[in-house]
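Trainee: Below is the file target-v2.txt, with compact mmCIF, N, CA and C atoms.
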```
# COMPACT_ATOMS: atom_id res chain seq x y z
N MET A 1 17.59 -6.07 11.66
CA MET A 1 16.29 -5.45 11.53
C MET A 1 15.50 -6.20 10.47
N GLN A 2 14.25 -6.47 10.75
CA GLN A 2 13.37 -7.17 9.82
C GLN A 2 12.45 -6.17 9.13
N CYS A 3 12.07 -6.46 7.93
CA CYS A 3 11.07 -5.64 7.25
C CYS A 3 10.06 -6.58 6.63
N GLY A 4 9.04 -6.03 6.05
CA GLY A 4 8.03 -6.87 5.43
C GLY A 4 7.88 -6.55 3.97
N ARG A 5 7.60 -7.54 3.19
CA ARG A 5 7.27 -7.36 1.77
C ARG A 5 5.80 -7.68 1.62
N CYS A 6 5.06 -6.76 1.08
CA CYS A 6 3.62 -6.93 0.97
C CYS A 6 3.28 -7.73 -0.27
N ARG A 7 2.29 -8.56 -0.17
CA ARG A 7 1.84 -9.32 -1.31
C ARG A 7 0.32 -9.39 -1.30
N ARG A 8 -0.24 -9.45 -2.46
CA ARG A 8 -1.68 -9.49 -2.66
C ARG A 8 -2.36 -8.35 -1.94
N THR A 9 -3.68 -8.38 -1.87
CA THR A 9 -4.39 -7.26 -1.27
C THR A 9 -4.53 -7.38 0.23
N ASN A 10 -4.21 -8.53 0.81
CA ASN A 10 -4.32 -8.63 2.26
C ASN A 10 -3.06 -8.12 2.96
N PHE A 11 -2.03 -7.80 2.22
CA PHE A 11 -0.80 -7.24 2.73
C PHE A 11 -0.19 -8.07 3.84
N ALA A 12 -0.26 -9.39 3.70
CA ALA A 12 0.46 -10.24 4.64
C ALA A 12 1.94 -9.96 4.47
N CYS A 13 2.66 -9.92 5.55
CA CYS A 13 4.07 -9.55 5.46
C CYS A 13 4.97 -10.74 5.77
N ASP A 14 5.94 -10.94 4.93
CA ASP A 14 6.95 -11.96 5.11
C ASP A 14 8.27 -11.27 5.40
N PRO A 15 9.05 -11.77 6.38
CA PRO A 15 10.38 -11.18 6.60
C PRO A 15 11.25 -11.35 5.37
N ILE A 16 12.01 -10.33 5.01
CA ILE A 16 12.93 -10.46 3.87
C ILE A 16 14.36 -10.19 4.30
N GLY A 17 14.61 -10.29 5.60
CA GLY A 17 15.99 -10.20 6.06
C GLY A 17 16.41 -8.82 6.48
N ASP A 18 17.68 -8.71 6.84
CA ASP A 18 18.24 -7.43 7.28
C ASP A 18 18.38 -6.48 6.11
N ARG A 19 18.05 -5.22 6.36
CA ARG A 19 18.19 -4.19 5.34
C ARG A 19 19.32 -3.27 5.76
N GLY A 20 20.36 -3.22 5.00
CA GLY A 20 21.45 -2.31 5.29
C GLY A 20 21.46 -1.10 4.40
N SER A 21 20.71 -1.16 3.31
CA SER A 21 20.68 -0.04 2.38
C SER A 21 19.26 0.11 1.83
N THR A 22 19.03 1.20 1.13
CA THR A 22 17.71 1.46 0.55
C THR A 22 17.36 0.37 -0.45
N GLU A 23 16.12 -0.07 -0.39
CA GLU A 23 15.61 -1.06 -1.35
C GLU A 23 14.54 -0.41 -2.20
N SER A 24 14.50 -0.80 -3.46
CA SER A 24 13.45 -0.36 -4.38
C SER A 24 12.67 -1.58 -4.82
N LEU A 25 11.37 -1.53 -4.68
CA LEU A 25 10.51 -2.60 -5.13
C LEU A 25 9.62 -2.04 -6.23
N LEU A 26 9.59 -2.69 -7.39
CA LEU A 26 8.82 -2.23 -8.54
C LEU A 26 7.77 -3.28 -8.90
N PHE A 27 6.56 -2.81 -9.16
CA PHE A 27 5.46 -3.69 -9.52
C PHE A 27 4.72 -3.08 -10.70
N GLY A 28 4.05 -3.90 -11.46
CA GLY A 28 3.24 -3.41 -12.57
C GLY A 28 2.01 -4.26 -12.72
N GLY A 29 1.04 -3.75 -13.43
CA GLY A 29 -0.20 -4.46 -13.64
C GLY A 29 -1.35 -3.65 -13.09
N GLU A 30 -2.51 -4.25 -13.02
CA GLU A 30 -3.68 -3.53 -12.54
C GLU A 30 -4.38 -4.35 -11.47
N THR A 31 -4.63 -3.71 -10.34
CA THR A 31 -5.32 -4.37 -9.24
C THR A 31 -6.82 -4.24 -9.43
N THR A 32 -7.57 -4.93 -8.62
CA THR A 32 -9.02 -4.79 -8.61
C THR A 32 -9.45 -4.35 -7.22
N VAL A 33 -10.57 -3.68 -7.15
CA VAL A 33 -11.14 -3.21 -5.89
C VAL A 33 -12.55 -3.74 -5.77
N ARG A 34 -12.88 -4.30 -4.63
CA ARG A 34 -14.25 -4.72 -4.37
C ARG A 34 -15.01 -3.50 -3.85
N LEU A 35 -15.98 -3.06 -4.61
CA LEU A 35 -16.76 -1.88 -4.23
C LEU A 35 -17.82 -2.27 -3.22
N ARG A 36 -17.72 -1.63 -2.04
CA ARG A 36 -18.68 -1.88 -0.97
C ARG A 36 -19.33 -0.59 -0.51
N GLY A 37 -18.75 0.53 -0.88
CA GLY A 37 -19.25 1.82 -0.41
C GLY A 37 -19.62 2.72 -1.57
N SER A 38 -19.87 3.97 -1.22
CA SER A 38 -20.29 4.94 -2.23
C SER A 38 -19.26 6.06 -2.38
N GLY A 39 -18.04 5.81 -1.92
CA GLY A 39 -17.00 6.83 -1.96
C GLY A 39 -16.43 7.04 -3.35
N TRP A 40 -15.37 7.81 -3.41
CA TRP A 40 -14.76 8.27 -4.65
C TRP A 40 -13.30 7.84 -4.65
N GLY A 41 -12.81 7.35 -5.75
CA GLY A 41 -11.40 6.95 -5.85
C GLY A 41 -11.20 5.98 -6.98
N GLY A 42 -9.99 5.48 -7.08
CA GLY A 42 -9.65 4.49 -8.10
C GLY A 42 -8.79 3.41 -7.49
N ARG A 43 -8.45 2.41 -8.29
CA ARG A 43 -7.73 1.26 -7.75
C ARG A 43 -6.35 1.63 -7.22
N ASN A 44 -5.66 2.58 -7.86
CA ASN A 44 -4.34 2.98 -7.37
C ASN A 44 -4.43 3.75 -6.06
N GLN A 45 -5.43 4.60 -5.95
CA GLN A 45 -5.63 5.34 -4.71
C GLN A 45 -5.99 4.39 -3.57
N GLU A 46 -6.85 3.44 -3.86
CA GLU A 46 -7.26 2.45 -2.85
C GLU A 46 -6.06 1.62 -2.39
N LEU A 47 -5.26 1.16 -3.34
CA LEU A 47 -4.07 0.37 -3.00
C LEU A 47 -3.10 1.19 -2.14
N ALA A 48 -2.85 2.42 -2.53
CA ALA A 48 -1.91 3.26 -1.78
C ALA A 48 -2.41 3.53 -0.36
N LEU A 49 -3.69 3.85 -0.22
CA LEU A 49 -4.23 4.11 1.11
C LEU A 49 -4.22 2.85 1.96
N ARG A 50 -4.59 1.74 1.38
CA ARG A 50 -4.59 0.47 2.13
C ARG A 50 -3.17 0.11 2.56
N LEU A 51 -2.21 0.29 1.68
CA LEU A 51 -0.82 0.00 2.04
C LEU A 51 -0.35 0.93 3.16
N ALA A 52 -0.68 2.21 3.08
CA ALA A 52 -0.30 3.16 4.14
C ALA A 52 -0.88 2.74 5.48
N TYR A 53 -2.14 2.34 5.47
CA TYR A 53 -2.78 1.92 6.72
C TYR A 53 -2.14 0.63 7.25
N LYS A 54 -1.97 -0.35 6.38
CA LYS A 54 -1.44 -1.65 6.83
C LYS A 54 0.01 -1.55 7.31
N THR A 55 0.83 -0.75 6.64
CA THR A 55 2.22 -0.63 7.09
C THR A 55 2.29 0.10 8.43
N GLN A 56 1.39 1.05 8.66
CA GLN A 56 1.35 1.72 9.96
C GLN A 56 0.86 0.75 11.03
N GLU A 57 -0.16 -0.02 10.71
CA GLU A 57 -0.72 -0.99 11.64
C GLU A 57 0.32 -2.06 12.00
N GLN A 58 1.11 -2.50 11.02
CA GLN A 58 2.10 -3.55 11.24
C GLN A 58 3.47 -3.00 11.62
N LYS A 59 3.55 -1.67 11.76
CA LYS A 59 4.77 -0.98 12.21
C LYS A 59 6.00 -1.36 11.37
N LEU A 60 5.90 -1.13 10.08
CA LEU A 60 7.03 -1.35 9.18
C LEU A 60 8.18 -0.46 9.64
N PRO A 61 9.34 -1.03 9.94
CA PRO A 61 10.46 -0.21 10.44
C PRO A 61 11.11 0.62 9.33
N GLY A 62 11.76 1.69 9.74
CA GLY A 62 12.46 2.55 8.80
C GLY A 62 11.52 3.50 8.09
N ASP A 63 12.08 4.28 7.20
CA ASP A 63 11.28 5.19 6.38
C ASP A 63 10.90 4.50 5.08
N TRP A 64 9.80 4.91 4.50
CA TRP A 64 9.37 4.33 3.23
C TRP A 64 8.48 5.34 2.50
N VAL A 65 8.38 5.14 1.21
CA VAL A 65 7.44 5.88 0.38
C VAL A 65 6.94 4.93 -0.70
N PHE A 66 5.66 5.06 -1.06
CA PHE A 66 5.03 4.16 -2.02
C PHE A 66 4.22 4.97 -3.02
N LEU A 67 4.46 4.73 -4.29
CA LEU A 67 3.71 5.35 -5.38
C LEU A 67 2.90 4.28 -6.08
N SER A 68 1.64 4.57 -6.33
CA SER A 68 0.81 3.71 -7.17
C SER A 68 0.07 4.63 -8.12
N GLY A 69 0.28 4.43 -9.43
CA GLY A 69 -0.35 5.34 -10.38
C GLY A 69 -0.62 4.69 -11.73
N GLY A 70 -1.58 5.25 -12.41
CA GLY A 70 -1.91 4.83 -13.77
C GLY A 70 -1.05 5.59 -14.76
N THR A 71 -0.46 4.89 -15.70
CA THR A 71 0.43 5.54 -16.66
C THR A 71 -0.32 6.46 -17.62
N ASP A 72 -1.65 6.34 -17.66
CA ASP A 72 -2.43 7.24 -18.51
C ASP A 72 -2.77 8.55 -17.80
N GLY A 73 -2.43 8.65 -16.51
CA GLY A 73 -2.69 9.87 -15.76
C GLY A 73 -4.06 9.93 -15.11
N ARG A 74 -4.83 8.83 -15.20
CA ARG A 74 -6.16 8.80 -14.61
C ARG A 74 -6.33 7.53 -13.80
N ASP A 75 -6.98 7.68 -12.66
CA ASP A 75 -7.28 6.54 -11.79
C ASP A 75 -8.75 6.57 -11.46
N GLY A 76 -9.48 5.62 -11.98
CA GLY A 76 -10.92 5.58 -11.75
C GLY A 76 -11.59 6.81 -12.33
N PRO A 77 -12.69 7.25 -11.71
CA PRO A 77 -13.43 8.40 -12.23
C PRO A 77 -12.89 9.74 -11.73
N THR A 78 -11.64 9.76 -11.28
CA THR A 78 -11.07 10.98 -10.70
C THR A 78 -10.05 11.60 -11.66
N THR A 79 -9.60 12.78 -11.33
CA THR A 79 -8.55 13.43 -12.13
C THR A 79 -7.16 13.07 -11.64
N ALA A 80 -7.07 12.34 -10.53
CA ALA A 80 -5.77 11.91 -10.00
C ALA A 80 -5.29 10.68 -10.77
N ALA A 81 -3.98 10.54 -10.89
CA ALA A 81 -3.39 9.35 -11.50
C ALA A 81 -3.20 8.24 -10.47
N GLY A 82 -3.25 8.58 -9.20
CA GLY A 82 -3.02 7.65 -8.11
C GLY A 82 -2.60 8.42 -6.88
N ALA A 83 -1.60 7.88 -6.17
CA ALA A 83 -1.16 8.52 -4.93
C ALA A 83 0.29 8.18 -4.62
N ILE A 84 0.90 9.05 -3.81
CA ILE A 84 2.22 8.80 -3.24
C ILE A 84 2.04 8.92 -1.73
N VAL A 85 2.19 7.81 -1.02
CA VAL A 85 1.97 7.77 0.42
C VAL A 85 3.27 7.46 1.15
N ASP A 86 3.28 7.77 2.45
CA ASP A 86 4.44 7.49 3.29
C ASP A 86 3.96 7.18 4.71
N ALA A 87 4.88 7.05 5.63
CA ALA A 87 4.54 6.67 7.00
C ALA A 87 3.68 7.72 7.70
N GLY A 88 3.61 8.93 7.20
CA GLY A 88 2.80 9.98 7.82
C GLY A 88 1.40 10.13 7.24
N THR A 89 1.07 9.38 6.21
CA THR A 89 -0.22 9.52 5.53
C THR A 89 -1.40 9.34 6.48
N VAL A 90 -1.41 8.26 7.22
CA VAL A 90 -2.53 7.96 8.11
C VAL A 90 -2.67 9.04 9.18
N CYS A 91 -1.57 9.51 9.73
CA CYS A 91 -1.61 10.58 10.74
C CYS A 91 -2.17 11.87 10.16
N ARG A 92 -1.80 12.20 8.93
CA ARG A 92 -2.32 13.41 8.30
C ARG A 92 -3.84 13.33 8.10
N ILE A 93 -4.33 12.15 7.77
CA ILE A 93 -5.78 11.96 7.60
C ILE A 93 -6.47 12.11 8.96
N ARG A 94 -5.92 11.47 9.97
CA ARG A 94 -6.51 11.58 11.32
C ARG A 94 -6.43 13.01 11.85
N ASN A 95 -5.33 13.70 11.59
CA ASN A 95 -5.20 15.09 12.03
C ASN A 95 -6.22 16.00 11.34
N ALA A 96 -6.70 15.59 10.18
CA ALA A 96 -7.74 16.35 9.47
C ALA A 96 -9.14 16.00 9.99
N GLY A 97 -9.19 15.12 11.01
CA GLY A 97 -10.46 14.78 11.63
C GLY A 97 -11.21 13.63 11.02
N LYS A 98 -10.57 12.84 10.18
CA LYS A 98 -11.24 11.72 9.53
C LYS A 98 -10.60 10.40 9.93
N ASP A 99 -11.36 9.33 9.80
CA ASP A 99 -10.92 7.98 10.13
C ASP A 99 -10.55 7.25 8.84
N PRO A 100 -9.28 6.91 8.64
CA PRO A 100 -8.89 6.25 7.39
C PRO A 100 -9.57 4.90 7.19
N VAL A 101 -9.86 4.18 8.26
CA VAL A 101 -10.53 2.89 8.14
C VAL A 101 -11.96 3.08 7.62
N ALA A 102 -12.65 4.06 8.15
CA ALA A 102 -14.01 4.34 7.68
C ALA A 102 -14.00 4.77 6.22
N LEU A 103 -13.03 5.58 5.85
CA LEU A 103 -12.93 6.02 4.46
C LEU A 103 -12.62 4.85 3.54
N LEU A 104 -11.74 3.95 3.95
CA LEU A 104 -11.46 2.74 3.16
C LEU A 104 -12.71 1.87 3.04
N SER A 105 -13.44 1.71 4.14
CA SER A 105 -14.65 0.88 4.13
C SER A 105 -15.69 1.42 3.17
N ASN A 106 -15.67 2.73 2.95
CA ASN A 106 -16.62 3.36 2.02
C ASN A 106 -16.02 3.54 0.63
N ASN A 107 -14.85 2.94 0.38
CA ASN A 107 -14.14 3.10 -0.90
C ASN A 107 -13.94 4.59 -1.22
N ASP A 108 -13.60 5.37 -0.21
CA ASP A 108 -13.43 6.81 -0.38
C ASP A 108 -11.96 7.20 -0.25
N SER A 109 -11.12 6.52 -1.00
CA SER A 109 -9.68 6.76 -0.93
C SER A 109 -9.31 8.15 -1.46
N HIS A 110 -10.04 8.65 -2.43
CA HIS A 110 -9.73 9.96 -2.99
C HIS A 110 -9.86 11.06 -1.93
N SER A 111 -10.94 11.03 -1.16
CA SER A 111 -11.13 12.01 -0.10
C SER A 111 -10.03 11.91 0.95
N ALA A 112 -9.70 10.69 1.35
CA ALA A 112 -8.67 10.47 2.36
C ALA A 112 -7.32 10.99 1.90
N LEU A 113 -6.95 10.65 0.69
CA LEU A 113 -5.64 11.05 0.18
C LEU A 113 -5.58 12.54 -0.12
N SER A 114 -6.71 13.12 -0.45
CA SER A 114 -6.76 14.57 -0.63
C SER A 114 -6.49 15.27 0.70
N LEU A 115 -7.09 14.76 1.79
CA LEU A 115 -6.84 15.31 3.12
C LEU A 115 -5.37 15.23 3.50
N ALA A 116 -4.72 14.13 3.09
CA ALA A 116 -3.30 13.92 3.42
C ALA A 116 -2.37 14.69 2.50
N GLY A 117 -2.90 15.22 1.39
CA GLY A 117 -2.05 15.89 0.41
C GLY A 117 -1.22 14.91 -0.40
N ASP A 118 -1.73 13.68 -0.56
CA ASP A 118 -0.96 12.61 -1.18
C ASP A 118 -1.45 12.17 -2.56
N LEU A 119 -2.38 12.90 -3.15
CA LEU A 119 -2.83 12.53 -4.50
C LEU A 119 -1.74 12.80 -5.52
N LEU A 120 -1.62 11.93 -6.49
CA LEU A 120 -0.69 12.08 -7.60
C LEU A 120 -1.46 12.69 -8.77
N GLN A 121 -1.13 13.92 -9.12
CA GLN A 121 -1.82 14.63 -10.19
C GLN A 121 -0.83 14.86 -11.33
N THR A 122 -1.03 14.16 -12.45
CA THR A 122 -0.12 14.30 -13.58
C THR A 122 -0.78 14.90 -14.81
N GLY A 123 -2.09 14.81 -14.87
CA GLY A 123 -2.79 15.16 -16.10
C GLY A 123 -2.67 14.00 -17.08
N ALA A 124 -3.42 14.06 -18.16
CA ALA A 124 -3.39 13.00 -19.16
C ALA A 124 -2.00 12.87 -19.77
N THR A 125 -1.55 11.64 -19.94
CA THR A 125 -0.19 11.41 -20.45
C THR A 125 -0.17 11.02 -21.93
N GLY A 126 -1.31 10.61 -22.47
CA GLY A 126 -1.34 10.19 -23.86
C GLY A 126 -0.87 8.77 -24.08
N THR A 127 -0.65 8.03 -23.00
CA THR A 127 -0.24 6.63 -23.11
C THR A 127 -0.94 5.83 -22.03
N ASN A 128 -1.02 4.52 -22.21
CA ASN A 128 -1.62 3.67 -21.19
C ASN A 128 -0.94 2.31 -21.24
N VAL A 129 0.20 2.21 -20.58
CA VAL A 129 0.95 0.96 -20.57
C VAL A 129 0.40 0.02 -19.52
N ALA A 130 0.29 0.48 -18.29
CA ALA A 130 -0.24 -0.29 -17.17
C ALA A 130 -0.17 0.60 -15.94
N ASP A 131 -0.68 0.09 -14.84
CA ASP A 131 -0.45 0.77 -13.57
C ASP A 131 0.95 0.40 -13.10
N ILE A 132 1.56 1.29 -12.33
CA ILE A 132 2.89 1.03 -11.81
C ILE A 132 2.91 1.35 -10.32
N GLN A 133 3.63 0.53 -9.58
CA GLN A 133 3.83 0.76 -8.16
C GLN A 133 5.32 0.73 -7.88
N ILE A 134 5.77 1.68 -7.07
CA ILE A 134 7.17 1.77 -6.67
C ILE A 134 7.21 1.98 -5.18
N MET A 135 7.98 1.16 -4.48
CA MET A 135 8.15 1.33 -3.04
C MET A 135 9.63 1.46 -2.73
N LEU A 136 9.97 2.50 -1.99
CA LEU A 136 11.33 2.70 -1.53
C LEU A 136 11.35 2.46 -0.03
N LEU A 137 12.24 1.59 0.41
CA LEU A 137 12.39 1.26 1.83
C LEU A 137 13.77 1.72 2.27
N VAL A 138 13.81 2.56 3.30
CA VAL A 138 15.07 3.08 3.82
C VAL A 138 15.24 2.57 5.24
N PRO A 139 16.34 1.90 5.53
CA PRO A 139 16.51 1.34 6.89
C PRO A 139 16.61 2.43 7.95
```
Would you mind writing the structure in this file as structure tokens?
Mentor:
Amino acid sequence: MQCGRCRRTNFACDPIGDRGSTESLLFGGETTVRLRGSGWGGRNQELALRLAYKTQEQKLPGDWVFLSGGTDGRDGPTTAAGAIVDAGTVCRIRNAGKDPVALLSNNDSHSALSLAGDLLQTGATGTNVADIQIMLLVP
């Protein structure tokens, strides 16, 4: 079975071989978002929603979950720290009557992830080390 490892914001996928056990991928740092719309969200929410859409579009095999959050508990101008998405995120948004692609195009990741129930709400943490991303891949 092949899986993909996402890199950069275009989420091009490279095969990383057979997966026989759960894999954990850890990332840190801060991404940037090109603002083209008038929506609401932050860089972690945008990254999580984009990853959820791209992995569904590219049919990533197996189960997976992805967290992207700010260690200070805030992402952009919202009260969310980021999001925790999975293979069902896009379906939950569509089942709520919204188009995830249109929401992404409007930089409205907060609304989309709220519909999916995938916002990460931690409250202020009193620290700001960096943003963190964690992806768990289960074959």
Trainee: Where does DSSP see alpha helix (DSSP H) in chain A, if you list the residues as a ChimeraX atom specification?
Mentor: /A:43-57,89-95,100-105,109-116
Trainee: Find the residues around Asn128 (chain A) up to 7 Å (only N, CA and C atoms counted), leave out those fewer than 5 positions away in its own chain, and share them as number ranges by chain.
Mentor: A: 70-73
Trainee: Calculated over only N, CA and C atoms, which of the candidates A:Gly88, A:Pro100, A:Asp131, A:His110 has the smallest distance to Thr31 (chain A)?
Mentor: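 Among the listed residues, the smallest separation from Thr31 (chain A) belongs to A:Asp131.
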Trainee: One decimal, in Å: what's the spacing between CA of Leu67 (chain A) and CA of Gln121 (chain A)?
Mentor: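 Interatomic distance here is 11.8 Å.
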Trainee: Of the residues A:Thr122, A:Leu104, A:Val65, A:Gln58, which is the one nearest to Gly37 (chain A), using only N, CA and C atoms?
Mentor: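 When distances to Gly37 (chain A) are compared using only N, CA and C atoms, the smallest one comes from A:Leu104.
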Trainee: Could you please write out, as a PDB file with N, CA and C atoms, in the coordinates of the input, every residue of region 5-134 of chain A that DSSP assigns to strand (DSSP E)?
Mentor:
```
ATOM      1  N   ARG A   5       7.600  -7.540   3.190  1.00  0.00           N
ATOM      2  CA  ARG A   5       7.270  -7.360   1.770  1.00  0.00           C
ATOM      3  C   ARG A   5       5.800  -7.680   1.620  1.00  0.00           C
ATOM      4  N   CYS A   6       5.060  -6.760   1.080  1.00  0.00           N
ATOM      5  CA  CYS A   6       3.620  -6.930   0.970  1.00  0.00           C
ATOM      6  C   CYS A   6       3.280  -7.730  -0.270  1.00  0.00           C
ATOM      7  N   ARG A   7       2.290  -8.560  -0.170  1.00  0.00           N
ATOM      8  CA  ARG A   7       1.840  -9.320  -1.310  1.00  0.00           C
ATOM      9  C   ARG A   7       0.320  -9.390  -1.300  1.00  0.00           C
ATOM     10  N   ALA A  12      -0.260  -9.390   3.700  1.00  0.00           N
ATOM     11  CA  ALA A  12       0.460 -10.240   4.640  1.00  0.00           C
ATOM     12  C   ALA A  12       1.940  -9.960   4.470  1.00  0.00           C
ATOM     13  N   CYS A  13       2.660  -9.920   5.550  1.00  0.00           N
ATOM     14  CA  CYS A  13       4.070  -9.550   5.460  1.00  0.00           C
ATOM     15  C   CYS A  13       4.970 -10.740   5.770  1.00  0.00           C
ATOM     16  N   ASP A  14       5.940 -10.940   4.930  1.00  0.00           N
ATOM     17  CA  ASP A  14       6.950 -11.960   5.110  1.00  0.00           C
ATOM     18  C   ASP A  14       8.270 -11.270   5.400  1.00  0.00           C
ATOM     19  N   PRO A  15       9.050 -11.770   6.380  1.00  0.00           N
ATOM     20  CA  PRO A  15      10.380 -11.180   6.600  1.00  0.00           C
ATOM     21  C   PRO A  15      11.250 -11.350   5.370  1.00  0.00           C
ATOM     22  N   GLU A  23      16.120  -0.070  -0.390  1.00  0.00           N
ATOM     23  CA  GLU A  23      15.610  -1.060  -1.350  1.00  0.00           C
ATOM     24  C   GLU A  23      14.540  -0.410  -2.200  1.00  0.00           C
ATOM     25  N   SER A  24      14.500  -0.800  -3.460  1.00  0.00           N
ATOM     26  CA  SER A  24      13.450  -0.360  -4.380  1.00  0.00           C
ATOM     27  C   SER A  24      12.670  -1.580  -4.820  1.00  0.00           C
ATOM     28  N   LEU A  25      11.370  -1.530  -4.680  1.00  0.00           N
ATOM     29  CA  LEU A  25      10.510  -2.600  -5.130  1.00  0.00           C
ATOM     30  C   LEU A  25       9.620  -2.040  -6.230  1.00  0.00           C
ATOM     31  N   LEU A  26       9.590  -2.690  -7.390  1.00  0.00           N
ATOM     32  CA  LEU A  26       8.820  -2.230  -8.540  1.00  0.00           C
ATOM     33  C   LEU A  26       7.770  -3.280  -8.900  1.00  0.00           C
ATOM     34  N   PHE A  27       6.560  -2.810  -9.160  1.00  0.00           N
ATOM     35  CA  PHE A  27       5.460  -3.690  -9.520  1.00  0.00           C
ATOM     36  C   PHE A  27       4.720  -3.080 -10.700  1.00  0.00           C
ATOM     37  N   GLY A  28       4.050  -3.900 -11.460  1.00  0.00           N
ATOM     38  CA  GLY A  28       3.240  -3.410 -12.570  1.00  0.00           C
ATOM     39  C   GLY A  28       2.010  -4.260 -12.720  1.00  0.00           C
ATOM     40  N   ASP A  63      12.080   4.280   7.200  1.00  0.00           N
ATOM     41  CA  ASP A  63      11.280   5.190   6.380  1.00  0.00           C
ATOM     42  C   ASP A  63      10.900   4.500   5.080  1.00  0.00           C
ATOM     43  N   TRP A  64       9.800   4.910   4.500  1.00  0.00           N
ATOM     44  CA  TRP A  64       9.370   4.330   3.230  1.00  0.00           C
ATOM     45  C   TRP A  64       8.480   5.340   2.500  1.00  0.00           C
ATOM     46  N   VAL A  65       8.380   5.140   1.210  1.00  0.00           N
ATOM     47  CA  VAL A  65       7.440   5.880   0.380  1.00  0.00           C
ATOM     48  C   VAL A  65       6.940   4.930  -0.700  1.00  0.00           C
ATOM     49  N   PHE A  66       5.660   5.060  -1.060  1.00  0.00           N
ATOM     50  CA  PHE A  66       5.030   4.160  -2.020  1.00  0.00           C
ATOM     51  C   PHE A  66       4.220   4.970  -3.020  1.00  0.00           C
ATOM     52  N   LEU A  67       4.460   4.730  -4.290  1.00  0.00           N
ATOM     53  CA  LEU A  67       3.710   5.350  -5.380  1.00  0.00           C
ATOM     54  C   LEU A  67       2.900   4.280  -6.080  1.00  0.00           C
ATOM     55  N   SER A  68       1.640   4.570  -6.330  1.00  0.00           N
ATOM     56  CA  SER A  68       0.810   3.710  -7.170  1.00  0.00           C
ATOM     57  C   SER A  68       0.070   4.630  -8.120  1.00  0.00           C
ATOM     58  N   GLY A  69       0.280   4.430  -9.430  1.00  0.00           N
ATOM     59  CA  GLY A  69      -0.350   5.340 -10.380  1.00  0.00           C
ATOM     60  C   GLY A  69      -0.620   4.690 -11.730  1.00  0.00           C
ATOM     61  N   GLY A  70      -1.580   5.250 -12.410  1.00  0.00           N
ATOM     62  CA  GLY A  70      -1.910   4.830 -13.770  1.00  0.00           C
ATOM     63  C   GLY A  70      -1.050   5.590 -14.760  1.00  0.00           C
ATOM     64  N   GLY A  82      -3.250   8.580  -9.200  1.00  0.00           N
ATOM     65  CA  GLY A  82      -3.020   7.650  -8.110  1.00  0.00           C
ATOM     66  C   GLY A  82      -2.600   8.420  -6.880  1.00  0.00           C
ATOM     67  N   ALA A  83      -1.600   7.880  -6.170  1.00  0.00           N
ATOM     68  CA  ALA A  83      -1.160   8.520  -4.930  1.00  0.00           C
ATOM     69  C   ALA A  83       0.290   8.180  -4.620  1.00  0.00           C
ATOM     70  N   ILE A  84       0.900   9.050  -3.810  1.00  0.00           N
ATOM     71  CA  ILE A  84       2.220   8.800  -3.240  1.00  0.00           C
ATOM     72  C   ILE A  84       2.040   8.920  -1.730  1.00  0.00           C
ATOM     73  N   VAL A  85       2.190   7.810  -1.020  1.00  0.00           N
ATOM     74  CA  VAL A  85       1.970   7.770   0.420  1.00  0.00           C
ATOM     75  C   VAL A  85       3.270   7.460   1.150  1.00  0.00           C
ATOM     76  N   ASP A  86       3.280   7.770   2.450  1.00  0.00           N
ATOM     77  CA  ASP A  86       4.440   7.490   3.290  1.00  0.00           C
ATOM     78  C   ASP A  86       3.960   7.180   4.710  1.00  0.00           C
ATOM     79  N   LEU A 119      -2.380  12.900  -3.150  1.00  0.00           N
ATOM     80  CA  LEU A 119      -2.830  12.530  -4.500  1.00  0.00           C
ATOM     81  C   LEU A 119      -1.740  12.800  -5.520  1.00  0.00           C
ATOM     82  N   LEU A 120      -1.620  11.930  -6.490  1.00  0.00           N
ATOM     83  CA  LEU A 120      -0.690  12.080  -7.600  1.00  0.00           C
ATOM     84  C   LEU A 120      -1.460  12.690  -8.770  1.00  0.00           C
ATOM     85  N   ASP A 131      -0.680   0.090 -14.840  1.00  0.00           N
ATOM     86  CA  ASP A 131      -0.450   0.770 -13.570  1.00  0.00           C
ATOM     87  C   ASP A 131       0.950   0.400 -13.100  1.00  0.00           C
ATOM     88  N   ILE A 132       1.560   1.290 -12.330  1.00  0.00           N
ATOM     89  CA  ILE A 132       2.890   1.030 -11.810  1.00  0.00           C
ATOM     90  C   ILE A 132       2.910   1.350 -10.320  1.00  0.00           C
ATOM     91  N   GLN A 133       3.630   0.530  -9.580  1.00  0.00           N
ATOM     92  CA  GLN A 133       3.830   0.760  -8.160  1.00  0.00           C
ATOM     93  C   GLN A 133       5.320   0.730  -7.880  1.00  0.00           C
ATOM     94  N   ILE A 134       5.770   1.680  -7.070  1.00  0.00           N
ATOM     95  CA  ILE A 134       7.170   1.770  -6.670  1.00  0.00           C
ATOM     96  C   ILE A 134       7.210   1.980  -5.180  1.00  0.00           C
TER      97      ILE A 134
END
```
Trainee: Can you find the residues with an atom no farther than 10 Å from (11.9, 4.3, -2.9), counting only C-alpha atoms, and report them as a PyMOL selection string?
Mentor: chain A and resi 22-26+63-67+134-138
Trainee: Which residues are close to Val85 (chain A), i.e. within 9 Å by only C-alpha atoms, leaving aside same-chain residues fewer than 4 positions away? Reply as number ranges by chain.
Mentor: A: 48-49, 51-52, 64-68, 89-90, 113, 116, 118-119
Trainee: If you measure from atom C of Gly39 (chain A) to atom C of Gln133 (chain A), what distance in Å do you get, rounded to one decimal?
Mentor: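 Atom C of Gln133 (chain A) lies at a distance of 23.1 Å from atom C of Gly39 (chain A).
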Trainee: Work out how far atom N of Pro61 (chain A) is from atom N of Ser21 (chain A), in Å to one decimal.
Mentor: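 Value for the atom N of Ser21 (chain A)-atom N of Pro61 (chain A) distance: 13.2 Å.
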Trainee: For region 125-132 of chain A, take all atoms listed in the file, fit an axis-aligned box around them, add 4 Å to each of the six sides, then output centre and edge lengths in Å rounded to one decimal, as AutoDock Vina command-line options.
Mentor:
```
--center_x 0.6 --center_y 5.7 --center_z -17.2 --size_x 12.5 --size_y 19.9 --size_z 21.8
```
Trainee: Go through A:Asp86, A:Leu35, A:Gly76, A:Trp40 one by one, measure the shortest atom-to-atom distance of each to Gln56 (chain A) using all atoms listed in the file, and give the residue with the smallest value.
Mentor: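 Checking each of A:Asp86, A:Leu35, A:Gly76, A:Trp40 against Gln56 (chain A), counting all atoms listed in the file, the winner is A:Asp86.
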